[in-house]
>>> print(open('structure17.cif').read())   # mmCIF, C-alpha atoms
data_target
loop_
_atom_site.label_atom_id
_atom_site.label_comp_id
_atom_site.auth_asym_id
_atom_site.auth_seq_id
_atom_site.Cartn_x
_atom_site.Cartn_y
_atom_site.Cartn_z
CA MET A 1 -222.23 134.55 -1.10
CA GLU A 2 -220.97 132.70 1.98
CA ASN A 3 -219.31 130.01 -0.11
CA LYS A 4 -217.56 132.40 -2.47
CA THR A 5 -213.85 133.11 -2.33
CA LYS A 6 -212.32 136.38 -3.51
CA ALA A 7 -208.79 137.55 -4.17
CA VAL A 8 -208.28 141.25 -3.54
CA LYS A 9 -205.59 143.70 -4.61
CA PHE A 10 -205.02 147.18 -3.21
CA GLY A 11 -202.98 149.63 -5.27
CA GLY A 12 -200.42 152.13 -3.99
CA SER A 13 -202.94 154.95 -3.52
CA SER A 14 -205.07 152.61 -1.38
CA VAL A 15 -202.22 151.90 1.08
CA CYS A 16 -200.28 155.18 0.92
CA ASP A 17 -200.64 155.93 4.65
CA ALA A 18 -202.18 154.58 7.86
CA LYS A 19 -205.60 156.12 7.19
CA ARG A 20 -205.86 154.50 3.74
CA ILE A 21 -204.63 151.17 5.11
CA ASP A 22 -207.29 151.30 7.81
CA ASN A 23 -209.88 152.01 5.11
CA ALA A 24 -208.65 149.00 3.11
CA ALA A 25 -208.85 146.86 6.24
CA LYS A 26 -212.49 147.86 6.70
CA ILE A 27 -213.20 146.79 3.12
CA ILE A 28 -211.70 143.37 3.89
CA ALA A 29 -213.69 143.07 7.10
CA ALA A 30 -216.94 143.95 5.31
CA ASP A 31 -216.88 140.74 3.26
CA SER A 32 -215.68 137.42 4.72
CA CYS A 33 -215.19 136.11 1.16
CA ARG A 34 -212.13 138.36 0.76
CA ARG A 35 -209.58 135.77 1.81
CA TYR A 36 -206.45 136.38 -0.30
CA VAL A 37 -204.96 139.86 -0.49
CA THR A 38 -202.20 141.49 -2.53
CA VAL A 39 -200.85 144.95 -1.76
CA SER A 40 -198.65 147.36 -3.68
CA ALA A 41 -196.03 149.57 -2.09
CA PRO A 42 -197.37 152.82 -0.59
CA GLY A 43 -198.02 155.42 -3.28
CA LYS A 44 -198.25 159.19 -3.19
CA ARG A 45 -200.07 160.73 -0.22
CA PHE A 46 -200.51 164.15 -1.82
CA SER A 47 -199.46 166.12 -4.89
CA GLY A 48 -195.69 166.42 -4.96
CA ASP A 49 -195.18 163.35 -2.78
CA GLU A 50 -193.14 160.38 -4.03
CA LYS A 51 -194.06 156.72 -4.37
CA ILE A 52 -192.07 154.37 -2.14
CA THR A 53 -191.00 152.28 -5.14
CA ASN A 54 -189.56 155.33 -6.87
CA MET A 55 -187.65 156.19 -3.69
CA LEU A 56 -186.25 152.66 -3.54
CA TYR A 57 -185.11 152.84 -7.17
CA ARG A 58 -183.41 156.16 -6.44
CA ALA A 59 -181.77 154.76 -3.31
CA PHE A 60 -180.34 151.86 -5.28
CA VAL A 61 -178.42 154.18 -7.63
CA SER A 62 -177.48 156.73 -4.94
CA THR A 63 -174.18 156.87 -3.10
CA GLY A 64 -172.83 158.23 0.17
CA ASP A 65 -175.04 160.55 2.19
CA ASP A 66 -177.75 160.56 -0.49
CA PHE A 67 -178.24 156.82 -0.09
CA TYR A 68 -178.50 156.97 3.71
CA SER A 69 -180.80 160.00 3.57
CA LEU A 70 -183.20 158.26 1.18
CA LEU A 71 -183.18 155.09 3.23
CA GLU A 72 -184.03 157.08 6.35
CA LYS A 73 -186.95 158.79 4.57
CA ILE A 74 -188.29 155.44 3.41
CA LYS A 75 -187.99 153.94 6.88
CA SER A 76 -189.69 156.98 8.42
CA ARG A 77 -192.70 156.52 6.12
CA PHE A 78 -193.12 152.92 7.22
CA ASP A 79 -192.40 153.65 10.89
CA GLU A 80 -195.10 156.33 10.83
CA ILE A 81 -197.62 153.85 9.42
CA ILE A 82 -196.65 151.23 12.02
CA SER A 83 -196.99 153.74 14.85
CA GLU A 84 -200.38 155.09 13.74
CA LEU A 85 -201.80 151.60 13.21
CA ALA A 86 -200.23 150.34 16.45
CA VAL A 87 -199.18 147.04 14.89
CA PRO A 88 -196.54 144.83 16.58
CA VAL A 89 -194.13 145.04 13.63
CA SER A 90 -190.56 146.31 13.50
CA LEU A 91 -188.63 146.85 10.28
CA ASP A 92 -185.30 147.61 11.97
CA ASP A 93 -183.75 144.28 10.97
CA ASP A 94 -185.20 144.57 7.45
CA PHE A 95 -183.55 147.93 6.84
CA ALA A 96 -180.32 146.57 8.24
CA GLU A 97 -180.65 143.84 5.62
CA LEU A 98 -181.10 146.53 2.95
CA LEU A 99 -177.73 147.94 3.95
CA TYR A 100 -176.24 144.47 3.72
CA ALA A 101 -177.91 143.96 0.35
CA ARG A 102 -176.39 147.17 -0.96
CA LYS A 103 -172.89 146.11 0.07
CA ASN A 104 -173.32 142.61 -1.35
CA TYR A 105 -174.93 143.51 -4.67
CA PHE A 106 -178.34 141.88 -4.22
CA GLY A 107 -179.56 143.83 -7.24
CA ARG A 108 -182.03 146.50 -8.29
CA ASP A 109 -185.07 144.20 -8.23
CA TYR A 110 -184.40 143.21 -4.62
CA PHE A 111 -184.43 146.88 -3.61
CA ALA A 112 -187.56 147.67 -5.62
CA SER A 113 -189.47 144.73 -4.13
CA ARG A 114 -189.09 145.82 -0.52
CA GLY A 115 -191.90 148.39 -0.72
CA GLU A 116 -194.47 145.67 -1.33
CA TYR A 117 -192.78 143.31 1.13
CA PHE A 118 -192.84 145.81 4.01
CA CYS A 119 -196.38 146.95 3.26
CA ALA A 120 -197.68 143.35 3.14
CA ARG A 121 -196.10 142.56 6.49
CA ILE A 122 -197.74 145.58 8.09
CA PHE A 123 -201.11 144.96 6.45
CA SER A 124 -201.22 141.26 7.32
CA SER A 125 -200.48 142.06 10.95
CA TYR A 126 -203.15 144.76 11.04
CA ILE A 127 -205.96 142.55 9.68
CA GLY A 128 -204.80 139.31 11.32
CA TYR A 129 -204.08 137.37 8.11
CA ASP A 130 -201.08 135.14 7.43
CA PHE A 131 -198.14 136.72 5.65
CA VAL A 132 -196.83 134.69 2.70
CA ASP A 133 -193.76 135.96 0.85
CA ALA A 134 -194.28 136.33 -2.92
CA ALA A 135 -190.82 134.78 -3.38
CA LYS A 136 -192.46 131.47 -2.40
CA CYS A 137 -195.25 131.91 -4.94
CA VAL A 138 -194.19 133.65 -8.14
CA SER A 139 -191.63 131.94 -10.39
CA PHE A 140 -189.29 133.39 -12.99
CA GLY A 141 -186.85 131.35 -15.09
CA ASP A 142 -183.08 131.75 -15.26
CA ASP A 143 -183.61 134.17 -18.15
CA GLY A 144 -186.03 136.29 -16.12
CA ALA A 145 -189.13 135.12 -18.01
CA PHE A 146 -192.31 134.71 -15.98
CA LEU A 147 -193.36 131.05 -15.57
CA PRO A 148 -197.17 130.98 -15.25
CA GLU A 149 -197.72 127.23 -14.73
CA ALA A 150 -194.95 126.87 -12.16
CA THR A 151 -196.26 130.00 -10.43
CA LYS A 152 -199.79 128.64 -10.19
CA LYS A 153 -198.54 125.40 -8.59
CA ARG A 154 -196.16 127.17 -6.19
CA THR A 155 -198.83 129.68 -5.15
CA ALA A 156 -201.40 126.97 -4.45
CA ALA A 157 -198.83 125.05 -2.39
CA ALA A 158 -197.65 128.13 -0.46
CA LEU A 159 -201.22 129.10 0.44
CA SER A 160 -202.53 125.59 1.07
CA LYS A 161 -202.27 125.97 4.84
CA SER A 162 -203.60 129.53 4.96
CA GLU A 163 -207.32 130.19 5.16
CA ARG A 164 -206.58 133.89 4.80
CA ALA A 165 -203.31 135.45 3.64
CA VAL A 166 -201.60 138.61 2.42
CA VAL A 167 -199.00 138.27 -0.37
CA PRO A 168 -196.81 141.17 -1.54
CA GLY A 169 -197.31 142.17 -5.15
CA PHE A 170 -194.86 142.99 -7.94
CA TYR A 171 -192.13 140.37 -7.45
CA GLY A 172 -191.20 136.70 -7.27
CA SER A 173 -188.03 134.61 -7.38
CA MET A 174 -185.73 133.00 -9.90
CA PRO A 175 -183.99 129.64 -9.44
CA GLY A 176 -181.50 130.03 -6.59
CA GLY A 177 -183.67 132.60 -4.81
CA THR A 178 -182.72 135.81 -6.64
CA LEU A 179 -185.68 138.19 -6.56
CA LYS A 180 -187.19 139.40 -9.83
CA THR A 181 -189.88 142.05 -10.34
CA PHE A 182 -192.58 142.41 -12.94
CA GLU A 183 -192.71 145.64 -14.90
CA ARG A 184 -194.55 148.58 -13.34
CA GLY A 185 -198.12 147.68 -12.40
CA GLY A 186 -197.12 144.09 -11.72
CA SER A 187 -199.05 143.88 -8.46
CA ASP A 188 -202.18 143.59 -10.62
CA ILE A 189 -200.69 140.38 -12.01
CA THR A 190 -199.90 139.05 -8.54
CA GLY A 191 -203.50 139.56 -7.47
CA ALA A 192 -204.71 137.71 -10.55
CA ILE A 193 -202.28 134.88 -9.81
CA LEU A 194 -203.80 134.47 -6.34
CA ALA A 195 -207.32 134.38 -7.79
CA SER A 196 -206.35 131.75 -10.35
CA ALA A 197 -204.24 129.55 -8.07
CA MET A 198 -206.88 129.48 -5.33
CA ASN A 199 -209.80 129.00 -7.76
CA CYS A 200 -211.47 132.17 -6.56
CA ASP A 201 -214.90 133.25 -7.76
CA GLU A 202 -213.84 136.87 -8.24
CA TYR A 203 -210.77 139.08 -8.31
CA GLU A 204 -211.33 142.57 -6.88
CA ASN A 205 -208.87 145.28 -7.87
CA TRP A 206 -209.17 148.29 -5.58
CA THR A 207 -207.77 151.59 -6.79
CA ASP A 208 -208.49 155.35 -6.63
CA VAL A 209 -211.12 155.51 -9.39
CA SER A 210 -214.62 154.05 -9.56
CA GLY A 211 -213.95 151.74 -12.45
CA PHE A 212 -212.54 151.87 -15.95
CA MET A 213 -213.27 155.13 -17.80
CA SER A 214 -214.60 155.06 -21.36
CA ALA A 215 -211.98 157.69 -22.30
CA ASP A 216 -209.10 159.56 -20.69
CA PRO A 217 -210.59 162.29 -18.44
CA LYS A 218 -207.61 164.48 -19.38
CA THR A 219 -208.95 164.50 -22.93
CA VAL A 220 -212.72 164.07 -22.54
CA ASP A 221 -214.73 165.91 -19.88
CA ASN A 222 -216.48 163.57 -17.42
CA PRO A 223 -216.25 160.35 -19.45
CA LYS A 224 -218.66 157.56 -18.57
CA THR A 225 -217.57 154.66 -16.39
CA ILE A 226 -217.60 151.36 -18.24
CA GLY A 227 -220.03 149.02 -16.51
CA ILE A 228 -218.93 145.80 -18.16
CA ILE A 229 -216.04 144.95 -20.49
CA THR A 230 -214.40 141.76 -21.73
CA TYR A 231 -210.87 140.54 -21.02
CA LYS A 232 -209.83 141.20 -24.64
CA GLU A 233 -211.34 144.67 -24.66
CA LEU A 234 -209.61 145.61 -21.43
CA ARG A 235 -206.26 144.39 -22.75
CA ARG A 236 -206.71 146.48 -25.88
CA LEU A 237 -207.54 149.65 -23.93
CA SER A 238 -204.74 149.03 -21.41
CA PHE A 239 -202.19 148.59 -24.20
CA MET A 240 -203.32 151.92 -25.63
CA GLY A 241 -202.61 153.70 -22.37
CA ALA A 242 -205.76 153.32 -20.25
CA GLY A 243 -203.75 152.65 -17.12
CA VAL A 244 -206.21 151.46 -14.45
CA LEU A 245 -205.20 147.81 -14.76
CA HIS A 246 -202.11 146.09 -16.15
CA GLU A 247 -202.99 144.51 -19.51
CA ASP A 248 -201.41 141.15 -18.56
CA SER A 249 -203.36 140.82 -15.32
CA VAL A 250 -206.23 139.14 -17.15
CA LEU A 251 -204.07 136.30 -18.50
CA PRO A 252 -204.06 134.12 -15.34
CA LEU A 253 -207.87 134.52 -15.11
CA MET A 254 -209.00 133.76 -18.64
CA SER A 255 -208.90 129.94 -18.53
CA GLY A 256 -210.96 129.87 -15.33
CA LYS A 257 -213.24 132.68 -16.54
CA ILE A 258 -212.77 134.49 -13.23
CA PRO A 259 -214.34 137.97 -13.38
CA ILE A 260 -212.44 141.08 -12.32
CA ILE A 261 -214.18 143.86 -10.38
CA ILE A 262 -212.46 147.26 -10.47
CA LYS A 263 -213.49 149.27 -7.38
CA ASN A 264 -212.68 152.54 -5.63
CA THR A 265 -211.35 152.31 -2.05
CA LEU A 266 -212.66 155.82 -1.35
CA ASP A 267 -216.13 154.98 -2.68
CA PRO A 268 -216.58 151.26 -2.02
CA ASP A 269 -220.33 151.33 -2.72
CA ALA A 270 -219.84 152.52 -6.31
CA ALA A 271 -220.60 149.80 -8.86
CA GLY A 272 -217.21 149.92 -10.54
CA THR A 273 -216.34 147.99 -13.69
CA ARG A 274 -216.83 144.27 -14.20
CA VAL A 275 -214.41 142.44 -16.53
CA VAL A 276 -215.83 139.21 -17.95
CA PRO A 277 -215.15 136.67 -20.74
CA GLU A 278 -217.99 137.88 -22.98
CA ARG A 279 -220.61 140.64 -23.06
CA SER A 280 -224.24 139.79 -23.74
CA GLY A 281 -226.23 141.29 -26.61
CA LYS A 282 -227.80 144.12 -24.63
CA GLU A 283 -224.37 145.11 -23.27
CA ASN A 284 -222.68 145.27 -26.68
CA GLY A 285 -221.60 148.48 -28.33
CA VAL A 286 -218.68 150.88 -28.01
CA CYS A 287 -217.44 150.78 -24.42
CA GLY A 288 -214.14 152.64 -24.57
CA ILE A 289 -211.74 154.73 -26.64
CA ALA A 290 -208.02 155.10 -25.92
CA GLY A 291 -205.10 156.50 -27.87
CA LYS A 292 -201.34 156.34 -27.78
CA LYS A 293 -198.55 158.23 -29.54
CA GLY A 294 -195.18 156.96 -30.74
CA PHE A 295 -195.85 154.87 -33.85
CA SER A 296 -194.62 154.87 -37.44
CA VAL A 297 -196.30 153.43 -40.55
CA LEU A 298 -194.28 151.48 -43.08
CA ARG A 299 -196.00 150.94 -46.44
CA VAL A 300 -194.97 148.39 -49.04
CA PHE A 301 -196.30 148.91 -52.58
CA LYS A 302 -196.43 146.12 -55.14
CA THR A 303 -199.02 144.89 -57.62
CA LYS A 304 -201.41 142.51 -55.81
CA ILE A 305 -199.23 142.36 -52.66
CA GLY A 306 -202.40 142.60 -50.58
CA THR A 307 -203.46 139.21 -51.91
CA SER A 308 -200.04 137.58 -51.49
CA ALA A 309 -199.71 135.68 -48.25
CA ALA A 310 -196.13 134.73 -49.17
CA ASP A 311 -194.96 138.36 -49.48
CA THR A 312 -196.68 139.38 -46.27
CA GLU A 313 -195.08 136.44 -44.44
CA LYS A 314 -191.63 137.46 -45.71
CA ILE A 315 -192.12 141.02 -44.50
CA MET A 316 -193.29 139.86 -41.06
CA ARG A 317 -190.27 137.58 -40.79
CA ILE A 318 -187.93 140.49 -41.49
CA PHE A 319 -189.53 142.51 -38.70
CA ALA A 320 -189.35 139.55 -36.29
CA GLN A 321 -185.63 139.12 -36.98
CA LYS A 322 -185.10 142.60 -35.55
CA GLY A 323 -187.50 142.12 -32.64
CA ILE A 324 -190.15 144.38 -34.19
CA TYR A 325 -193.78 143.32 -33.99
CA PRO A 326 -196.42 145.39 -35.80
CA VAL A 327 -199.41 146.40 -33.69
CA CYS A 328 -201.58 147.13 -36.69
CA VAL A 329 -201.53 145.60 -40.19
CA SER A 330 -203.85 146.67 -42.99
CA SER A 331 -203.79 146.07 -46.71
CA GLY A 332 -205.30 147.07 -50.01
CA VAL A 333 -204.85 145.25 -53.26
CA ASP A 334 -201.49 146.83 -54.05
CA CYS A 335 -200.27 148.01 -50.62
CA VAL A 336 -199.57 146.57 -47.19
CA SER A 337 -199.27 148.97 -44.23
CA LEU A 338 -197.59 148.00 -40.97
CA THR A 339 -197.79 150.24 -37.92
CA VAL A 340 -194.93 149.67 -35.49
CA PRO A 341 -193.68 151.32 -32.28
CA LYS A 342 -191.27 154.03 -33.37
CA SER A 343 -188.88 153.17 -30.54
CA ARG A 344 -188.43 149.68 -32.00
CA ILE A 345 -187.68 150.70 -35.59
CA VAL A 346 -185.40 153.72 -35.06
CA GLY A 347 -181.92 152.90 -36.35
CA LYS A 348 -183.16 149.86 -38.26
CA GLU A 349 -184.97 151.65 -41.10
CA ASP A 350 -182.37 151.05 -43.81
CA TYR A 351 -182.00 147.37 -42.92
CA ILE A 352 -185.77 146.86 -43.04
CA ARG A 353 -186.13 148.62 -46.39
CA ASN A 354 -183.22 146.77 -47.96
CA GLU A 355 -184.42 143.36 -46.79
CA ILE A 356 -187.98 143.97 -47.99
CA CYS A 357 -186.70 145.12 -51.37
CA ALA A 358 -184.52 142.03 -51.64
CA CYS A 359 -187.16 139.46 -50.77
CA ALA A 360 -190.45 140.99 -51.97
CA GLU A 361 -189.24 143.17 -54.89
CA PRO A 362 -191.77 145.97 -54.22
CA SER A 363 -192.20 149.02 -56.40
CA CYS A 364 -191.81 151.29 -53.39
CA VAL A 365 -191.28 151.20 -49.62
CA THR A 366 -192.09 154.27 -47.51
CA LEU A 367 -191.83 155.07 -43.82
CA GLY A 368 -194.39 157.70 -42.89
CA ASP A 369 -194.37 160.46 -40.31
CA ASP A 370 -194.93 159.71 -36.64
CA CYS A 371 -198.51 158.79 -35.84
CA ALA A 372 -200.80 157.88 -32.97
CA LEU A 373 -203.12 154.90 -32.72
CA ILE A 374 -206.67 154.99 -31.39
CA ALA A 375 -208.51 151.86 -30.30
CA ILE A 376 -212.30 152.05 -30.47
CA VAL A 377 -213.33 149.03 -28.44
CA GLY A 378 -216.67 147.39 -29.10
CA ALA A 379 -217.15 149.32 -32.34
CA GLY A 380 -217.96 146.17 -34.30
CA GLN A 381 -219.38 147.12 -37.70
CA ARG A 382 -219.60 150.88 -37.06
CA LEU A 383 -216.70 151.78 -39.32
CA SER A 384 -218.77 154.33 -41.26
CA GLU A 385 -219.46 156.25 -38.04
CA VAL A 386 -215.75 156.25 -37.21
CA PHE A 387 -214.93 157.87 -40.55
CA SER A 388 -217.86 160.27 -40.18
CA ALA A 389 -216.55 161.49 -36.81
CA LEU A 390 -213.03 162.00 -38.17
CA ASP A 391 -214.26 163.66 -41.38
CA GLY A 392 -216.31 166.10 -39.31
CA GLU A 393 -213.05 167.36 -37.77
CA ARG A 394 -211.11 167.06 -41.05
CA ILE A 395 -208.84 164.44 -39.56
CA GLU A 396 -207.22 161.98 -41.97
CA ALA A 397 -206.88 158.32 -40.98
CA THR A 398 -203.36 157.10 -41.78
CA SER A 399 -204.29 153.45 -41.21
CA VAL A 400 -207.32 151.37 -40.29
CA ASP A 401 -207.49 147.85 -38.83
CA ALA A 402 -210.91 146.33 -38.22
CA GLY A 403 -209.88 142.69 -38.47
CA SER A 404 -208.57 141.89 -35.00
CA GLY A 405 -211.50 139.59 -34.19
CA ASP A 406 -212.30 141.26 -30.85
CA GLY A 407 -214.82 143.80 -32.12
CA ALA A 408 -212.32 146.67 -31.97
CA ILE A 409 -211.31 149.14 -34.66
CA THR A 410 -207.82 150.65 -34.59
CA VAL A 411 -207.27 153.91 -36.44
CA GLY A 412 -204.02 155.74 -37.06
CA VAL A 413 -203.94 159.56 -37.06
CA ALA A 414 -201.24 162.22 -36.98
CA GLU A 415 -199.91 162.70 -33.46
CA ASN A 416 -201.09 166.33 -33.41
CA ASP A 417 -204.64 165.17 -34.12
CA LEU A 418 -204.86 162.59 -31.32
CA ASP A 419 -206.85 164.54 -28.73
CA ARG A 420 -209.23 166.06 -31.31
CA ALA A 421 -209.83 162.64 -32.81
CA ILE A 422 -210.63 161.04 -29.45
CA LYS A 423 -213.08 163.83 -28.58
CA ALA A 424 -214.79 163.51 -31.96
CA LEU A 425 -215.05 159.72 -31.72
CA TYR A 426 -216.32 159.87 -28.13
CA GLY A 427 -218.99 162.40 -29.07
CA LYS A 428 -220.14 160.29 -32.02
CA LEU A 429 -219.92 156.77 -30.61
CA ILE A 430 -220.40 157.00 -26.84
CA LYS A 431 -221.82 160.31 -25.66
#
>>> encode(input="structure17.cif", output="structure tokens")
Amino acid sequence: MENKTKAVKFGGSSVCDAKRIDNAAKIIAADSCRRYVTVSAPGKRFSGDEKITNMLYRAFVSTGDDFYSLLEKIKSRFDEIISELAVPVSLDDDFAELLYARKNYFGRDYFASRGEYFCARIFSSYIGYDFVDAAKCVSFGDDGAFLPEATKKRTAAALSKSERAVVPGFYGSMPGGTLKTFERGGSDITGAILASAMNCDEYENWTDVSGFMSADPKTVDNPKTIGIITYKELRRLSFMGAGVLHEDSVLPLMSGKIPIIIKNTLDPDAAGTRVVPERSGKENGVCGIAGKKGFSVLRVFKTKIGTSAADTEKIMRIFAQKGIYPVCVSSGVDCVSLTVPKSRIVGKEDYIRNEICACAEPSCVTLGDDCALIAIVGAGQRLSEVFSALDGERIEATSVDAGSGDGAITVGVAENDLDRAIKALYGKLIK
């Protein structure tokens, strides 16, 4: 244990006020292996409170007295934390710079990034670690695309002289120094970047739940905590709305096979969830179920189209030309079904139909009603049990994809049936 190195990330709920920050500091102090730390911006302190990042976004689009009022509220939150922790940090000059940034059009991402920046400065001072600006670590291209290889090299160089450091999450820099943020949840990615760049043995992600749930607790009563899950399985569940960890946070860790440990800052002794490259035989089986609304199913009918790679390739090319990428593809002998995000296809339906008719000459093309997708992760060959659970509730599957190669089964159902389907599948396959 003494020779191990860990990267650690604390989410917004874990640093929402001075008490939570002190609790996070105690977690760091309890294990000398926790050398590289990422923090989010302070989150909600209580029901009805507002996340600092949301306040910064609102401030950016506000004018006049509303802008100054919001900025004062944000500064008061940080000043209160500084006072209660008694750290020798002042943000007076930083907030003056925010005013300057507003007048000189530094941009929305600059504003949004300051929550993490301020929090990291306070936290690093409180625990006695070096502060390293994420702008010196995380690289984005001129087009705003994340550059993973350049980021890994820059991060390793920026931290090379720091035995222990705190790096703000969520943002990095483009050529010329302009700040750029990840999408929401991007601090998870920053933490993973630190773990990869510094060749850490583990990446701990500390949040407000004791691991990854096997189903949404809003749908299923007291779902089990997943003990162990693979990178691919976590990405599948995260994409389907299981929001404990950003789905892309595993990407920097996969090549080095660095495990992720999801832990609860309010219950640090709980086992949590371990995310690993592969599960062993005794750990296999269904580990999680997650569902998401907002999809449509396009079906193309033609004799033997399910056995025609050329026709399928033409259809996929048509979708790609419009920036539409199916999340589920299934086929029979005479039909190919493609499930796509509804938001991506709205307004493009006629173009898609016309192009498919022109290039594939189908007998019929239909676009079905809105549907939801459910991912049953770790289901493997248990397709008969999936249908049995749905049949028991008289729920019709609009699509089925069991060929993803990661042991998951994806089922489409009517949006109105989503919660009932998840409960039925959980009761059959997990409970």
>>> resolve_selection(input="structure17.cif", expression="the PyMOL selection byres ((chain A and resi 383) around 12)", output="PyMOL selection string")
chain A and resi 286+376-382+384-390+397+400-403+407-411+425+428-429
>>> resolve_selection(input="structure17.cif", expression="the PyMOL selection byres ((chain A and resi 87) around 8)", output="PDB file with C-alpha atoms, keeping the file's coordinate frame")
ATOM      1  CA  ILE A  82    -196.650 151.230  12.020  1.00  0.00           C
ATOM      2  CA  SER A  83    -196.990 153.740  14.850  1.00  0.00           C
ATOM      3  CA  LEU A  85    -201.800 151.600  13.210  1.00  0.00           C
ATOM      4  CA  ALA A  86    -200.230 150.340  16.450  1.00  0.00           C
ATOM      5  CA  PRO A  88    -196.540 144.830  16.580  1.00  0.00           C
ATOM      6  CA  VAL A  89    -194.130 145.040  13.630  1.00  0.00           C
ATOM      7  CA  ILE A 122    -197.740 145.580   8.090  1.00  0.00           C
ATOM      8  CA  SER A 125    -200.480 142.060  10.950  1.00  0.00           C
ATOM      9  CA  TYR A 126    -203.150 144.760  11.040  1.00  0.00           C
TER      10      TYR A 126
END
>>> closest_residue(input="structure17.cif", among="A:Gly11, A:Gly144, A:Pro168, A:Pro362", to="Lys302 (chain A)", atoms="all atoms listed in the file")
A:Pro362
>>> resolve_selection(input="structure17.cif", expression="the PyMOL selection byres ((chain A and resi 156) around 12)", output="PyMOL selection string")
chain A and resi 36+132+134+136-138+149-155+157-163+165+193-200
>>> closest_residue(input="structure17.cif", among="A:Lys103, A:Arg279, A:Arg35, A:Arg274", to="Gly191 (chain A)", atoms="all atoms listed in the file")
A:Arg35
>>> atom_distance(input="structure17.cif", atom1="CA of Ser399 (chain A)", atom2="CA of Glu415 (chain A)")
12.8 Å
>>> closest_residue(input="structure17.cif", among="A:Ile228, A:Leu245, A:Ile81, A:Ile127", to="Ser280 (chain A)", atoms="only C-alpha atoms")
A:Ile228
>>> atom_distance(input="structure17.cif", atom1="CA of Ile229 (chain A)", atom2="CA of Ile261 (chain A)")
10.3 Å
>>> closest_residue(input="structure17.cif", among="A:Val333, A:Ala424, A:Ala320, A:Val250", to="Lys304 (chain A)", atoms="all atoms listed in the file")
A:Val333
>>> atom_distance(input="structure17.cif", atom1="CA of Asn23 (chain A)", atom2="CA of Asp79 (chain A)")
18.5 Å
>>> residues_around(input="structure17.cif", residues="Asp311 (chain A)", least_positions_apart="3", cutoff="10 Å", atoms="only C-alpha atoms", output="JSON, numbers by chain")
{"A": [302, 304, 305, 306, 307, 308, 314, 315, 316, 317, 336, 356, 359, 360, 361, 362]}
>>> closest_residue(input="structure17.cif", among="A:Ser238, A:Gly176, A:Lys224, A:Lys51", to="Ser210 (chain A)", atoms="all atoms listed in the file")
A:Lys224
>>> decode(input="structure17.cif", residues="region 39-75 of chain A", atoms="C-alpha atoms", output="mmCIF file, in the first residue's frame")
data_model
loop_
_atom_site.group_PDB
_atom_site.id
_atom_site.type_symbol
_atom_site.label_atom_id
_atom_site.label_comp_id
_atom_site.auth_asym_id
_atom_site.auth_seq_id
_atom_site.Cartn_x
_atom_site.Cartn_y
_atom_site.Cartn_z
ATOM 1 C CA VAL A 39 -12.339 18.985 -7.276
ATOM 2 C CA SER A 40 -15.602 20.143 -8.799
ATOM 3 C CA ALA A 41 -17.235 23.472 -8.067
ATOM 4 C CA PRO A 42 -19.309 23.561 -4.863
ATOM 5 C CA GLY A 43 -22.713 21.949 -5.375
ATOM 6 C CA LYS A 44 -26.014 22.296 -3.567
ATOM 7 C CA ARG A 45 -25.867 22.532 0.233
ATOM 8 C CA PHE A 46 -29.560 21.778 0.761
ATOM 9 C CA SER A 47 -32.775 21.305 -1.191
ATOM 10 C CA GLY A 48 -33.556 24.474 -3.109
ATOM 11 C CA ASP A 49 -29.942 25.641 -3.094
ATOM 12 C CA GLU A 50 -28.093 26.306 -6.364
ATOM 13 C CA LYS A 51 -24.855 24.875 -7.702
ATOM 14 C CA ILE A 52 -22.049 27.408 -8.124
ATOM 15 C CA THR A 53 -21.612 26.448 -11.787
ATOM 16 C CA ASN A 54 -25.275 27.158 -12.502
ATOM 17 C CA MET A 55 -24.913 30.549 -10.810
ATOM 18 C CA LEU A 56 -21.879 31.337 -12.953
ATOM 19 C CA TYR A 57 -23.754 30.405 -16.130
ATOM 20 C CA ARG A 58 -26.627 32.659 -15.070
ATOM 21 C CA ALA A 59 -24.237 35.495 -14.242
ATOM 22 C CA PHE A 60 -22.681 35.285 -17.681
ATOM 23 C CA VAL A 61 -26.014 35.964 -19.420
ATOM 24 C CA SER A 62 -27.248 38.510 -16.846
ATOM 25 C CA THR A 63 -27.016 42.266 -17.178
ATOM 26 C CA GLY A 64 -26.987 45.295 -14.902
ATOM 27 C CA ASP A 65 -27.903 44.808 -11.261
ATOM 28 C CA ASP A 66 -28.723 41.127 -11.790
ATOM 29 C CA PHE A 67 -25.146 40.432 -12.849
ATOM 30 C CA TYR A 68 -23.609 42.226 -9.859
ATOM 31 C CA SER A 69 -26.081 40.625 -7.454
ATOM 32 C CA LEU A 70 -25.243 37.123 -8.688
ATOM 33 C CA LEU A 71 -21.531 37.795 -8.561
ATOM 34 C CA GLU A 72 -21.855 38.982 -4.970
ATOM 35 C CA LYS A 73 -23.775 35.825 -4.002
ATOM 36 C CA ILE A 74 -21.107 33.642 -5.581
ATOM 37 C CA LYS A 75 -18.307 35.523 -3.840
#
